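Below is target37.txt, holding compact mmCIF, C-alpha atoms (C1' of nucleotides).
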# COMPACT_ATOMS: atom_id res chain seq x y z
CA MET A 26 -76.48 0.76 80.46
CA GLU A 27 -75.43 3.24 77.81
CA ARG A 28 -71.77 2.78 78.58
CA THR A 29 -69.71 3.89 75.65
CA GLN A 30 -67.24 1.06 75.33
CA GLY A 31 -63.95 -0.37 76.51
CA SER A 32 -62.80 0.16 80.06
CA ALA A 33 -64.46 3.28 81.36
CA GLU A 34 -62.72 2.83 84.68
CA THR A 35 -59.20 3.37 83.41
CA GLY A 36 -60.07 5.73 80.61
CA GLU A 37 -57.88 3.60 78.42
CA VAL A 38 -59.01 1.39 75.57
CA ASP A 39 -57.61 -2.08 75.89
CA PRO A 40 -56.10 -2.96 72.48
CA ALA A 41 -57.49 -6.45 72.91
CA GLU A 42 -60.95 -4.93 73.06
CA ALA A 43 -60.43 -2.81 69.98
CA PHE A 44 -62.09 -5.43 67.79
CA ALA A 45 -64.86 -6.36 70.15
CA ALA A 46 -65.50 -2.74 70.99
CA ASP A 47 -67.34 -1.96 67.79
CA VAL A 48 -70.31 -3.81 66.35
CA PHE A 49 -70.12 -6.47 68.98
CA SER A 50 -70.76 -3.84 71.61
CA ARG A 51 -74.40 -3.28 72.29
CA ALA A 52 -74.04 0.48 72.57
CA CYS A 53 -72.11 0.99 69.37
CA THR A 54 -73.89 3.23 66.89
CA SER A 55 -72.47 1.30 63.95
CA ARG A 56 -74.71 -1.60 64.86
CA GLY A 57 -77.77 0.55 64.30
CA ALA A 58 -76.42 1.95 61.06
CA LEU A 59 -75.67 -1.55 59.88
CA GLU A 60 -79.22 -2.65 60.61
CA HIS A 61 -80.60 0.26 58.61
CA VAL A 62 -78.55 -0.80 55.63
CA THR A 63 -79.20 -4.53 55.88
CA GLY A 64 -82.89 -4.13 56.52
CA LYS A 65 -85.19 -6.19 54.31
CA TRP A 66 -86.41 -3.31 52.17
CA SER A 67 -83.43 -0.97 52.51
CA LEU A 68 -81.09 -3.58 51.09
CA LEU A 69 -83.31 -4.15 48.09
CA ALA A 70 -83.87 -0.45 47.53
CA LEU A 71 -80.14 0.26 47.57
CA THR A 72 -79.37 -2.46 45.06
CA ALA A 73 -82.29 -1.32 42.91
CA LEU A 74 -80.71 2.12 42.71
CA LEU A 75 -77.39 0.69 41.59
CA ASP A 76 -77.97 0.98 37.87
CA ALA A 77 -79.64 4.36 37.79
CA PRO A 78 -81.70 6.88 39.76
CA HIS A 79 -85.33 5.95 40.15
CA ARG A 80 -88.61 7.53 41.11
CA PHE A 81 -90.71 6.39 44.02
CA GLY A 82 -93.19 4.52 41.90
CA GLU A 83 -90.47 2.82 39.90
CA LEU A 84 -88.85 1.55 43.07
CA ARG A 85 -92.19 0.44 44.38
CA ARG A 86 -92.78 -1.67 41.29
CA ARG A 87 -89.23 -2.94 41.17
CA VAL A 88 -89.05 -4.02 44.79
CA ASP A 89 -91.88 -6.47 44.51
CA GLY A 90 -94.06 -6.75 47.58
CA VAL A 91 -92.99 -3.58 49.35
CA SER A 92 -95.78 -1.37 50.65
CA GLU A 93 -95.74 2.38 50.14
CA LYS A 94 -95.33 2.83 53.85
CA MET A 95 -92.30 0.55 54.17
CA LEU A 96 -90.59 1.90 51.05
CA SER A 97 -91.09 5.45 52.22
CA GLN A 98 -89.80 4.60 55.67
CA SER A 99 -86.76 2.77 54.32
CA LEU A 100 -85.86 5.54 51.89
CA GLN A 101 -86.14 8.13 54.64
CA GLY A 102 -83.74 6.11 56.78
CA LEU A 103 -81.29 5.72 53.92
CA GLU A 104 -81.51 9.42 53.17
CA ARG A 105 -80.91 10.34 56.79
CA ASP A 106 -77.81 8.17 57.01
CA GLY A 107 -76.46 9.63 53.80
CA TRP A 108 -76.64 6.63 51.48
CA VAL A 109 -79.36 7.99 49.24
CA HIS A 110 -80.13 11.45 47.92
CA ARG A 111 -83.69 12.58 47.41
CA GLU A 112 -84.33 15.22 44.77
CA VAL A 113 -87.70 16.89 44.44
CA ARG A 114 -88.76 18.62 41.24
CA SER A 115 -91.71 20.76 42.17
CA SER A 116 -94.14 20.25 39.38
CA ILE A 117 -97.57 18.87 38.77
CA PRO A 118 -97.62 15.97 38.96
CA PRO A 119 -94.72 15.91 41.44
CA HIS A 120 -91.48 14.26 40.36
CA VAL A 121 -89.13 12.85 42.99
CA GLU A 122 -85.94 11.08 42.17
CA TYR A 123 -83.82 8.91 44.41
CA ARG A 124 -80.16 8.36 43.66
CA LEU A 125 -77.19 6.89 45.48
CA THR A 126 -74.83 9.33 47.15
CA PRO A 127 -71.07 8.76 46.67
CA ALA A 128 -71.08 6.77 49.91
CA GLY A 129 -74.12 4.83 48.77
CA ALA A 130 -72.45 4.10 45.46
CA GLU A 131 -69.64 2.43 47.38
CA LEU A 132 -72.00 0.53 49.63
CA ALA A 133 -74.53 -0.79 47.13
CA PRO A 134 -72.12 -2.97 45.11
CA ARG A 135 -71.15 -4.76 48.31
CA LEU A 136 -74.78 -5.45 49.03
CA LEU A 137 -75.33 -6.66 45.50
CA ALA A 138 -72.34 -8.97 45.88
CA LEU A 139 -73.94 -10.38 48.99
CA VAL A 140 -77.25 -10.84 47.25
CA THR A 141 -75.57 -12.54 44.31
CA PHE A 142 -73.58 -14.78 46.60
CA VAL A 143 -76.68 -16.00 48.39
CA GLU A 144 -78.55 -16.45 45.12
CA ASP A 145 -75.71 -18.51 43.72
CA HIS A 146 -75.73 -20.72 46.79
CA MET A 147 -79.46 -21.33 46.92
CA PRO A 148 -79.12 -24.91 45.65
CA GLU A 149 -76.80 -25.65 48.56
CA VAL A 150 -79.15 -23.91 50.95
CA HIS A 151 -82.09 -25.97 49.78
CA ARG A 152 -80.12 -29.17 50.08
CA ALA A 153 -79.01 -28.22 53.57
CA ARG A 154 -82.59 -27.53 54.58
CA GLU A 155 -83.92 -30.83 53.29
CA ASP A 156 -81.06 -32.62 54.92
CA HIS A 157 -81.65 -30.83 58.19
CA ASP A 158 -85.40 -31.26 58.18
CA SER A 159 -85.22 -34.95 57.39
CA ARG A 160 -83.10 -35.51 60.47
CA SER A 161 -85.45 -33.73 62.81
CA MET B 25 -100.40 -15.31 46.32
CA GLU B 26 -97.67 -17.93 46.36
CA ARG B 27 -97.16 -17.72 42.66
CA THR B 28 -93.71 -18.94 41.76
CA GLN B 29 -92.40 -16.22 39.50
CA GLY B 30 -92.27 -14.89 35.97
CA SER B 31 -95.19 -15.53 33.70
CA ALA B 32 -97.05 -18.54 34.99
CA GLU B 33 -99.61 -18.17 32.24
CA THR B 34 -97.27 -18.92 29.36
CA GLY B 35 -95.04 -21.29 31.25
CA GLU B 36 -92.11 -19.38 29.77
CA VAL B 37 -89.70 -17.15 31.65
CA ASP B 38 -89.37 -13.81 29.95
CA PRO B 39 -85.63 -13.08 29.60
CA ALA B 40 -86.33 -9.49 30.46
CA GLU B 41 -87.67 -10.69 33.80
CA ALA B 42 -84.64 -12.83 34.50
CA PHE B 43 -83.10 -10.15 36.68
CA ALA B 44 -86.28 -9.08 38.38
CA ALA B 45 -87.24 -12.68 38.91
CA ASP B 46 -84.75 -13.18 41.71
CA VAL B 47 -84.51 -11.21 44.93
CA PHE B 48 -86.69 -8.47 43.59
CA SER B 49 -89.49 -10.96 43.21
CA ARG B 50 -91.60 -11.36 46.27
CA ALA B 51 -91.89 -15.11 45.95
CA CYS B 52 -88.20 -15.81 45.49
CA THR B 53 -86.76 -18.04 48.18
CA SER B 54 -83.41 -16.27 48.01
CA ARG B 55 -85.01 -13.26 49.59
CA GLY B 56 -85.84 -15.28 52.67
CA ALA B 57 -82.39 -16.84 52.80
CA LEU B 58 -80.87 -13.39 52.49
CA GLU B 59 -82.91 -12.12 55.40
CA HIS B 60 -81.79 -15.01 57.57
CA VAL B 61 -78.19 -14.15 56.87
CA THR B 62 -78.49 -10.39 57.25
CA GLY B 63 -80.60 -10.58 60.37
CA LYS B 64 -79.41 -8.50 63.29
CA TRP B 65 -78.09 -11.39 65.38
CA SER B 66 -77.31 -13.84 62.59
CA LEU B 67 -74.94 -11.40 60.95
CA LEU B 68 -73.06 -10.80 64.18
CA ALA B 69 -72.95 -14.51 65.03
CA LEU B 70 -71.50 -15.37 61.63
CA THR B 71 -68.76 -12.77 61.86
CA ALA B 72 -68.04 -13.83 65.44
CA LEU B 73 -67.37 -17.35 64.17
CA LEU B 74 -64.97 -16.08 61.56
CA ASP B 75 -61.80 -16.47 63.59
CA ALA B 76 -62.55 -19.79 65.26
CA PRO B 77 -65.31 -22.14 66.41
CA HIS B 78 -67.10 -21.02 69.52
CA ARG B 79 -69.35 -22.43 72.17
CA PHE B 80 -72.82 -21.11 72.88
CA GLY B 81 -71.77 -19.20 75.99
CA GLU B 82 -68.79 -17.67 74.23
CA LEU B 83 -70.98 -16.40 71.44
CA ARG B 84 -73.47 -15.09 73.94
CA ARG B 85 -70.80 -13.05 75.66
CA ARG B 86 -69.21 -11.94 72.44
CA VAL B 87 -72.38 -10.76 70.76
CA ASP B 88 -73.16 -8.20 73.39
CA GLY B 89 -76.83 -7.75 74.13
CA VAL B 90 -78.18 -10.90 72.53
CA SER B 91 -80.57 -12.96 74.62
CA GLU B 92 -80.26 -16.72 74.88
CA LYS B 93 -83.50 -17.08 73.01
CA MET B 94 -82.47 -14.94 70.07
CA LEU B 95 -79.00 -16.45 69.81
CA SER B 96 -80.42 -19.93 69.89
CA GLN B 97 -83.01 -19.06 67.28
CA SER B 98 -80.46 -17.39 65.01
CA LEU B 99 -78.00 -20.26 65.25
CA GLN B 100 -80.74 -22.75 64.46
CA GLY B 101 -81.63 -20.79 61.36
CA LEU B 102 -78.03 -20.59 60.25
CA GLU B 103 -77.57 -24.29 60.86
CA ARG B 104 -80.68 -25.12 58.88
CA ASP B 105 -79.55 -23.08 55.89
CA GLY B 106 -76.14 -24.71 56.03
CA TRP B 107 -73.94 -21.77 57.03
CA VAL B 108 -73.06 -23.06 60.46
CA HIS B 109 -72.33 -26.52 61.79
CA ARG B 110 -73.35 -27.52 65.30
CA GLU B 111 -71.30 -30.20 66.99
CA VAL B 112 -72.45 -31.74 70.25
CA ARG B 113 -70.01 -33.53 72.53
CA SER B 114 -72.14 -35.52 74.93
CA SER B 115 -70.56 -34.99 78.26
CA ILE B 116 -71.34 -33.48 81.61
CA PRO B 117 -71.43 -30.58 81.51
CA PRO B 118 -72.51 -30.56 77.85
CA HIS B 119 -70.14 -29.08 75.30
CA VAL B 120 -71.52 -27.69 72.03
CA GLU B 121 -69.39 -26.06 69.41
CA TYR B 122 -70.50 -23.92 66.50
CA ARG B 123 -68.29 -23.55 63.46
CA LEU B 124 -68.69 -22.17 59.96
CA THR B 125 -69.38 -24.67 57.20
CA PRO B 126 -67.39 -24.29 53.95
CA ALA B 127 -70.27 -22.20 52.59
CA GLY B 128 -70.38 -20.17 55.78
CA ALA B 129 -66.64 -19.61 55.56
CA GLU B 130 -67.19 -18.01 52.19
CA LEU B 131 -70.09 -15.94 53.36
CA ALA B 132 -68.77 -14.58 56.64
CA PRO B 133 -65.87 -12.57 55.20
CA ARG B 134 -68.32 -10.75 52.97
CA LEU B 135 -70.41 -9.87 55.96
CA LEU B 136 -67.36 -8.73 57.86
CA ALA B 137 -66.39 -6.55 54.90
CA LEU B 138 -69.82 -4.98 55.06
CA VAL B 139 -69.54 -4.42 58.79
CA THR B 140 -66.10 -2.89 58.40
CA PHE B 141 -67.29 -0.68 55.58
CA VAL B 142 -70.12 0.73 57.66
CA GLU B 143 -67.87 1.17 60.68
CA ASP B 144 -65.35 3.07 58.59
CA HIS B 145 -68.07 5.35 57.30
CA MET B 146 -69.66 6.14 60.63
CA PRO B 147 -68.20 9.67 60.74
CA GLU B 148 -69.89 10.38 57.41
CA VAL B 149 -73.10 8.82 58.63
CA HIS B 150 -73.13 10.98 61.74
CA ARG B 151 -72.45 14.09 59.72
CA ALA B 152 -75.25 13.18 57.33
CA ARG B 153 -77.65 12.70 60.20
CA GLU B 154 -76.86 16.01 61.84
CA ASP B 155 -77.11 17.73 58.51
CA HIS B 156 -80.42 16.05 57.77
CA ASP B 157 -81.92 16.65 61.20
CA SER B 158 -80.96 20.32 61.25
CA ARG B 159 -82.90 20.88 58.03
CA SER B 160 -86.06 19.25 59.30
C1' DC C 10 -73.41 -25.73 80.17
C1' DA C 11 -76.73 -25.27 76.74
C1' DG C 12 -80.45 -24.68 75.95
C1' DT C 13 -86.27 -24.75 76.09
C1' DA C 14 -90.72 -22.81 77.80
C1' DT C 15 -93.48 -19.09 78.97
C1' DC C 16 -95.07 -14.50 79.14
C1' DC C 17 -95.26 -10.00 77.71
C1' DT C 18 -94.07 -5.60 75.26
C1' DA C 19 -92.38 -3.16 71.24
C1' DA C 20 -91.50 -2.99 66.68
C1' DG C 21 -92.30 -4.56 61.90
C1' DA C 22 -95.33 -4.82 58.33
C1' DG C 23 -99.70 -4.96 55.30
C1' DA C 24 -104.12 -2.73 53.78
C1' DT C 25 -106.76 1.02 53.01
C1' DA C 26 -108.00 5.74 52.71
C1' DC C 27 -106.78 10.26 52.14
C1' DT C 28 -103.83 14.79 50.75
C1' DG C 29 -100.59 18.40 48.41
C1' DC D 10 -97.38 11.17 41.52
C1' DA D 11 -95.63 10.75 45.93
C1' DG D 12 -96.43 10.29 49.66
C1' DT D 13 -98.90 10.58 54.93
C1' DA D 14 -102.35 8.81 58.36
C1' DT D 15 -104.56 5.30 60.57
C1' DC D 16 -105.71 0.78 61.92
C1' DT D 17 -104.77 -3.78 62.65
C1' DC D 18 -102.16 -8.01 62.85
C1' DT D 19 -97.96 -10.50 63.13
C1' DT D 20 -93.39 -11.08 64.35
C1' DA D 21 -89.22 -9.75 66.80
C1' DG D 22 -87.35 -9.41 70.93
C1' DG D 23 -86.37 -9.22 76.11
C1' DA D 24 -86.90 -11.27 80.96
C1' DT D 25 -87.33 -14.87 83.79
C1' DA D 26 -87.71 -19.56 85.19
C1' DC D 27 -86.85 -24.15 84.41
C1' DT D 28 -84.59 -28.85 82.40
C1' DG D 29 -81.32 -32.66 80.38
With the file now loaded, output its structure as C-alpha cells.
Amino acid sequence: MERTQGSAETGEVDPAEAFAADVFSRACTSRGALEHVTGKWSLLALTALLDAPHRFGELRRRVDGVSEKMLSQSLQGLERDGWVHREVRSSIPPHVEYRLTPAGAELAPRLLALVTFVEDHMPEVHRAREDHDSRS
Amino acid sequence: MERTQGSAETGEVDPAEAFAADVFSRACTSRGALEHVTGKWSLLALTALLDAPHRFGELRRRVDGVSEKMLSQSLQGLERDGWVHREVRSSIPPHVEYRLTPAGAELAPRLLALVTFVEDHMPEVHRAREDHDSRS
DNA sequence: CAGTATCCTAAGAGATACTG
DNA sequence: CAGTATCTCTTAGGATACTG
C-alpha cells in the first residue's frame, strides 16, 4: 500500500499508464482533492460564493439544510486547499467574509455548469427512474 | 419536513426564490441526483466509461481501490438515473457491459473536465495546504 | 464472470448547547 | 455573529464468503 504510482520497479513511468496513473490510482492525492471539491456541502458553498463574497450566516441561510458544523467543516477544507479565502474583521460583533480565491473563481463556474446540467436533465432523470423502477 | 419548495402557503412561486428554489433548496430532487453523479465512485466510473463500454471486472480494475460492493452500488445508481446502460449477454460465463447513455455521454466529459482541472491545479493545492498548515 | 449477502468499522451528518 | 464541543444516529465503505 501507499505506492506512489506507475512502475516502481523500473523507475520509469509507462506512457500507457500516464492516464490511469492519476485519479484512477488509489494513492493519488488528486482524488482526495476532488472529493473535497465535489462534496455535498462544499460544492454548494462554492457555487454560492460565485456571485459575491458572503458571510457565514449568509451562506448558512443560502445553502438550505446545512448545519453549522458541516458548513464550517466544508469551508475549512476549501480554505485549506486554496479555493476559498477567509477574511476576519475583528469587531464586535465579529464579521467574517468568505470569498473565492483566483483558483476558486476558475473552479466554481465549472461546478455551476455541472449543477445546471443536472438540473436541466431532471425530467430525463425522473423518467429514467420511473422506467427503471417499473421494470424491477 | 418534506415540503416541496417555495411558498407553499400562497401556492405561488416567488420569482425571487426561483434561483434558490433549485439545488440550494433542501427538498429539491436535483440535489440528490447531483450527489449520485458526483459521488466518489460514481464520478470515477462515469469518466472511466468515457472512452468505451466496459465490463464489470474491467471497471473494477480501472477504478483502483473500489470494492465490488461499492462499484455495484454506484453502477446501479447511475443506471437508475439514466446515465449508464447495463447490457447483459446471457452466456456462460456471464458477460455484462456498461456503457454511457446519450445523457451520460453529455455528462461524463464535464466530469472529466472537472477532474482534469483539479489535477492540473494540484501543485497550487499542495502549496496552499503547506501554507495553511504552517500558519496553524 | 458478475455479482449478492453478511458483518463490521469509520466517517458523515444532524441537534443542541456553549464560547470569544 | 461566528463559530466550537459534544453526543448520537445514520450512512458509507471495506473484507470476506458465497451463488447463478
- Query: Near DG23 of chain D, within 12 Å and counting only C-alpha atoms (C1' of nucleotides), which residues show up once chain neighbours fewer than 3 positions away are dropped, as a list in words?
  - Reply: Gly89, Val90, Ser91, Glu92, Lys93 and Met94 of chain B; DC16, DC17, DT18 and DA19 of chain C
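Within 9 Å of chain D, chain A contributes the residues A:Phe81, A:Gly82, A:Glu93, A:Lys94, A:Ser97, A:Ile117, A:Pro118, A:Pro119, A:His120, A:Val121, using all atoms listed in the file.
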With chain A held fixed, move chain B onto it by a least-squares fit of all C-alpha atoms in order and give the output as a PDB file with C-alpha atoms, in the coordinates of the input.
ATOM      1  CA  MET B  25     -77.095   0.911  80.072  1.00  0.00           C
ATOM      2  CA  GLU B  26     -75.950   3.403  77.465  1.00  0.00           C
ATOM      3  CA  ARG B  27     -72.353   3.033  78.425  1.00  0.00           C
ATOM      4  CA  THR B  28     -70.137   4.059  75.555  1.00  0.00           C
ATOM      5  CA  GLN B  29     -67.692   1.200  75.293  1.00  0.00           C
ATOM      6  CA  GLY B  30     -64.456  -0.264  76.570  1.00  0.00           C
ATOM      7  CA  SER B  31     -63.449   0.425  80.120  1.00  0.00           C
ATOM      8  CA  ALA B  32     -65.196   3.563  81.254  1.00  0.00           C
ATOM      9  CA  GLU B  33     -63.661   3.210  84.685  1.00  0.00           C
ATOM     10  CA  THR B  34     -60.069   3.745  83.615  1.00  0.00           C
ATOM     11  CA  GLY B  35     -60.834   6.078  80.763  1.00  0.00           C
ATOM     12  CA  GLU B  36     -58.445   3.982  78.684  1.00  0.00           C
ATOM     13  CA  VAL B  37     -59.370   1.715  75.800  1.00  0.00           C
ATOM     14  CA  ASP B  38     -57.849  -1.697  76.244  1.00  0.00           C
ATOM     15  CA  PRO B  39     -56.130  -2.611  72.949  1.00  0.00           C
ATOM     16  CA  ALA B  40     -57.377  -6.131  73.365  1.00  0.00           C
ATOM     17  CA  GLU B  41     -60.909  -4.748  73.281  1.00  0.00           C
ATOM     18  CA  ALA B  42     -60.282  -2.725  70.156  1.00  0.00           C
ATOM     19  CA  PHE B  43     -61.840  -5.390  67.972  1.00  0.00           C
ATOM     20  CA  ALA B  44     -64.683  -6.249  70.280  1.00  0.00           C
ATOM     21  CA  ALA B  45     -65.353  -2.592  70.860  1.00  0.00           C
ATOM     22  CA  ASP B  46     -66.954  -2.104  67.471  1.00  0.00           C
ATOM     23  CA  VAL B  47     -69.934  -3.962  66.065  1.00  0.00           C
ATOM     24  CA  PHE B  48     -69.676  -6.647  68.669  1.00  0.00           C
ATOM     25  CA  SER B  49     -70.270  -4.047  71.328  1.00  0.00           C
ATOM     26  CA  ARG B  50     -73.880  -3.438  72.085  1.00  0.00           C
ATOM     27  CA  ALA B  51     -73.502   0.307  72.370  1.00  0.00           C
ATOM     28  CA  CYS B  52     -71.627   0.820  69.124  1.00  0.00           C
ATOM     29  CA  THR B  53     -73.439   3.079  66.697  1.00  0.00           C
ATOM     30  CA  SER B  54     -72.090   1.152  63.722  1.00  0.00           C
ATOM     31  CA  ARG B  55     -74.316  -1.721  64.674  1.00  0.00           C
ATOM     32  CA  GLY B  56     -77.370   0.448  64.197  1.00  0.00           C
ATOM     33  CA  ALA B  57     -76.086   1.851  60.920  1.00  0.00           C
ATOM     34  CA  LEU B  58     -75.396  -1.674  59.735  1.00  0.00           C
ATOM     35  CA  GLU B  59     -78.928  -2.740  60.532  1.00  0.00           C
ATOM     36  CA  HIS B  60     -80.350   0.173  58.581  1.00  0.00           C
ATOM     37  CA  VAL B  61     -78.368  -0.876  55.554  1.00  0.00           C
ATOM     38  CA  THR B  62     -79.029  -4.602  55.791  1.00  0.00           C
ATOM     39  CA  GLY B  63     -82.705  -4.200  56.530  1.00  0.00           C
ATOM     40  CA  LYS B  64     -85.049  -6.223  54.366  1.00  0.00           C
ATOM     41  CA  TRP B  65     -86.320  -3.321  52.263  1.00  0.00           C
ATOM     42  CA  SER B  66     -83.322  -1.015  52.549  1.00  0.00           C
ATOM     43  CA  LEU B  67     -81.027  -3.620  51.063  1.00  0.00           C
ATOM     44  CA  LEU B  68     -83.316  -4.186  48.101  1.00  0.00           C
ATOM     45  CA  ALA B  69     -83.865  -0.456  47.568  1.00  0.00           C
ATOM     46  CA  LEU B  70     -80.130   0.211  47.516  1.00  0.00           C
ATOM     47  CA  THR B  71     -79.426  -2.502  44.973  1.00  0.00           C
ATOM     48  CA  ALA B  72     -82.396  -1.345  42.900  1.00  0.00           C
ATOM     49  CA  LEU B  73     -80.786   2.091  42.672  1.00  0.00           C
ATOM     50  CA  LEU B  74     -77.525   0.617  41.499  1.00  0.00           C
ATOM     51  CA  ASP B  75     -78.161   0.936  37.782  1.00  0.00           C
ATOM     52  CA  ALA B  76     -79.817   4.346  37.737  1.00  0.00           C
ATOM     53  CA  PRO B  77     -81.814   6.861  39.774  1.00  0.00           C
ATOM     54  CA  HIS B  78     -85.426   5.940  40.259  1.00  0.00           C
ATOM     55  CA  ARG B  79     -88.659   7.549  41.275  1.00  0.00           C
ATOM     56  CA  PHE B  80     -90.712   6.417  44.239  1.00  0.00           C
ATOM     57  CA  GLY B  81     -93.277   4.577  42.127  1.00  0.00           C
ATOM     58  CA  GLU B  82     -90.590   2.848  40.099  1.00  0.00           C
ATOM     59  CA  LEU B  83     -88.923   1.577  43.229  1.00  0.00           C
ATOM     60  CA  ARG B  84     -92.251   0.476  44.600  1.00  0.00           C
ATOM     61  CA  ARG B  85     -92.919  -1.619  41.532  1.00  0.00           C
ATOM     62  CA  ARG B  86     -89.397  -2.919  41.337  1.00  0.00           C
ATOM     63  CA  VAL B  87     -89.125  -4.014  44.941  1.00  0.00           C
ATOM     64  CA  ASP B  88     -91.982  -6.436  44.720  1.00  0.00           C
ATOM     65  CA  GLY B  89     -94.094  -6.689  47.833  1.00  0.00           C
ATOM     66  CA  VAL B  90     -92.973  -3.542  49.606  1.00  0.00           C
ATOM     67  CA  SER B  91     -95.710  -1.299  50.948  1.00  0.00           C
ATOM     68  CA  GLU B  92     -95.637   2.450  50.456  1.00  0.00           C
ATOM     69  CA  LYS B  93     -95.136   2.889  54.154  1.00  0.00           C
ATOM     70  CA  MET B  94     -92.141   0.597  54.397  1.00  0.00           C
ATOM     71  CA  LEU B  95     -90.492   1.935  51.253  1.00  0.00           C
ATOM     72  CA  SER B  96     -90.930   5.477  52.434  1.00  0.00           C
ATOM     73  CA  GLN B  97     -89.562   4.631  55.853  1.00  0.00           C
ATOM     74  CA  SER B  98     -86.577   2.763  54.422  1.00  0.00           C
ATOM     75  CA  LEU B  99     -85.707   5.524  51.980  1.00  0.00           C
ATOM     76  CA  GLN B 100     -85.900   8.106  54.741  1.00  0.00           C
ATOM     77  CA  GLY B 101     -83.484   6.076  56.811  1.00  0.00           C
ATOM     78  CA  LEU B 102     -81.090   5.670  53.924  1.00  0.00           C
ATOM     79  CA  GLU B 103     -81.285   9.365  53.160  1.00  0.00           C
ATOM     80  CA  ARG B 104     -80.609  10.263  56.768  1.00  0.00           C
ATOM     81  CA  ASP B 105     -77.524   8.064  56.935  1.00  0.00           C
ATOM     82  CA  GLY B 106     -76.261   9.540  53.689  1.00  0.00           C
ATOM     83  CA  TRP B 107     -76.492   6.541  51.358  1.00  0.00           C
ATOM     84  CA  VAL B 108     -79.251   7.916  49.189  1.00  0.00           C
ATOM     85  CA  HIS B 109     -80.018  11.385  47.906  1.00  0.00           C
ATOM     86  CA  ARG B 110     -83.594  12.560  47.467  1.00  0.00           C
ATOM     87  CA  GLU B 111     -84.228  15.204  44.849  1.00  0.00           C
ATOM     88  CA  VAL B 112     -87.595  16.914  44.611  1.00  0.00           C
ATOM     89  CA  ARG B 113     -88.669  18.673  41.432  1.00  0.00           C
ATOM     90  CA  SER B 114     -91.596  20.847  42.417  1.00  0.00           C
ATOM     91  CA  SER B 115     -94.088  20.368  39.692  1.00  0.00           C
ATOM     92  CA  ILE B 116     -97.555  19.020  39.164  1.00  0.00           C
ATOM     93  CA  PRO B 117     -97.647  16.126  39.367  1.00  0.00           C
ATOM     94  CA  PRO B 118     -94.687  16.020  41.773  1.00  0.00           C
ATOM     95  CA  HIS B 119     -91.504  14.340  40.611  1.00  0.00           C
ATOM     96  CA  VAL B 120     -89.090  12.894  43.182  1.00  0.00           C
ATOM     97  CA  GLU B 121     -85.941  11.073  42.272  1.00  0.00           C
ATOM     98  CA  TYR B 122     -83.794   8.880  44.477  1.00  0.00           C
ATOM     99  CA  ARG B 123     -80.163   8.297  43.620  1.00  0.00           C
ATOM    100  CA  LEU B 124     -77.160   6.808  45.375  1.00  0.00           C
ATOM    101  CA  THR B 125     -74.750   9.233  47.004  1.00  0.00           C
ATOM    102  CA  PRO B 126     -71.010   8.642  46.431  1.00  0.00           C
ATOM    103  CA  ALA B 127     -70.968   6.638  49.670  1.00  0.00           C
ATOM    104  CA  GLY B 128     -74.057   4.735  48.600  1.00  0.00           C
ATOM    105  CA  ALA B 129     -72.449   3.996  45.251  1.00  0.00           C
ATOM    106  CA  GLU B 130     -69.636   2.299  47.101  1.00  0.00           C
ATOM    107  CA  LEU B 131     -71.934   0.409  49.384  1.00  0.00           C
ATOM    108  CA  ALA B 132     -74.522  -0.888  46.941  1.00  0.00           C
ATOM    109  CA  PRO B 133     -72.187  -3.081  44.878  1.00  0.00           C
ATOM    110  CA  ARG B 134     -71.164  -4.868  48.048  1.00  0.00           C
ATOM    111  CA  LEU B 135     -74.768  -5.540  48.849  1.00  0.00           C
ATOM    112  CA  LEU B 136     -75.410  -6.747  45.336  1.00  0.00           C
ATOM    113  CA  ALA B 137     -72.421  -9.078  45.642  1.00  0.00           C
ATOM    114  CA  LEU B 138     -73.965 -10.481  48.789  1.00  0.00           C
ATOM    115  CA  VAL B 139     -77.326 -10.915  47.110  1.00  0.00           C
ATOM    116  CA  THR B 140     -75.727 -12.615  44.130  1.00  0.00           C
ATOM    117  CA  PHE B 141     -73.697 -14.871  46.376  1.00  0.00           C
ATOM    118  CA  VAL B 142     -76.773 -16.072  48.225  1.00  0.00           C
ATOM    119  CA  GLU B 143     -78.718 -16.502  44.999  1.00  0.00           C
ATOM    120  CA  ASP B 144     -75.923 -18.592  43.533  1.00  0.00           C
ATOM    121  CA  HIS B 145     -75.895 -20.791  46.603  1.00  0.00           C
ATOM    122  CA  MET B 146     -79.616 -21.384  46.809  1.00  0.00           C
ATOM    123  CA  PRO B 147     -79.340 -24.970  45.520  1.00  0.00           C
ATOM    124  CA  GLU B 148     -76.954 -25.725  48.381  1.00  0.00           C
ATOM    125  CA  VAL B 149     -79.229 -23.975  50.828  1.00  0.00           C
ATOM    126  CA  HIS B 150     -82.220 -26.015  49.719  1.00  0.00           C
ATOM    127  CA  ARG B 151     -80.258 -29.225  49.957  1.00  0.00           C
ATOM    128  CA  ALA B 152     -79.081 -28.277  53.435  1.00  0.00           C
ATOM    129  CA  ARG B 153     -82.622 -27.581  54.530  1.00  0.00           C
ATOM    130  CA  GLU B 154     -84.003 -30.861  53.263  1.00  0.00           C
ATOM    131  CA  ASP B 155     -81.117 -32.690  54.824  1.00  0.00           C
ATOM    132  CA  HIS B 156     -81.617 -30.888  58.115  1.00  0.00           C
ATOM    133  CA  ASP B 157     -85.386 -31.291  58.195  1.00  0.00           C
ATOM    134  CA  SER B 158     -85.254 -34.997  57.393  1.00  0.00           C
ATOM    135  CA  ARG B 159     -83.058 -35.586  60.439  1.00  0.00           C
ATOM    136  CA  SER B 160     -85.356 -33.767  62.819  1.00  0.00           C
TER     137      SER B 160
END
- Query: Taking all atoms listed in the file into account, what are the residues of chain B at most 7 Å from chain A, put as number ranges by chain?
  - Reply: B: 48-50, 54, 58-59, 62, 64, 86-89, 104-106, 134, 138-139, 142-143, 146, 149, 152-153, 156
- atom CA of His109 of chain B to atom CA of Glu121 of chain B measures 8.2 Å
- Task: For chain C, report every residue with an atom at most 8 Å from chain B (counting all atoms listed in the file), formatted as a PyMOL selection string.
- Result: chain C and resi 10-12
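Rounded to one decimal, atom C1' of DG23 of chain C and atom CA of His79 of chain A lie 23.6 Å from each other.
Take atom CA of Leu73 of chain B and atom CA of Tyr122 of chain B: the distance between them is 7.6 Å.
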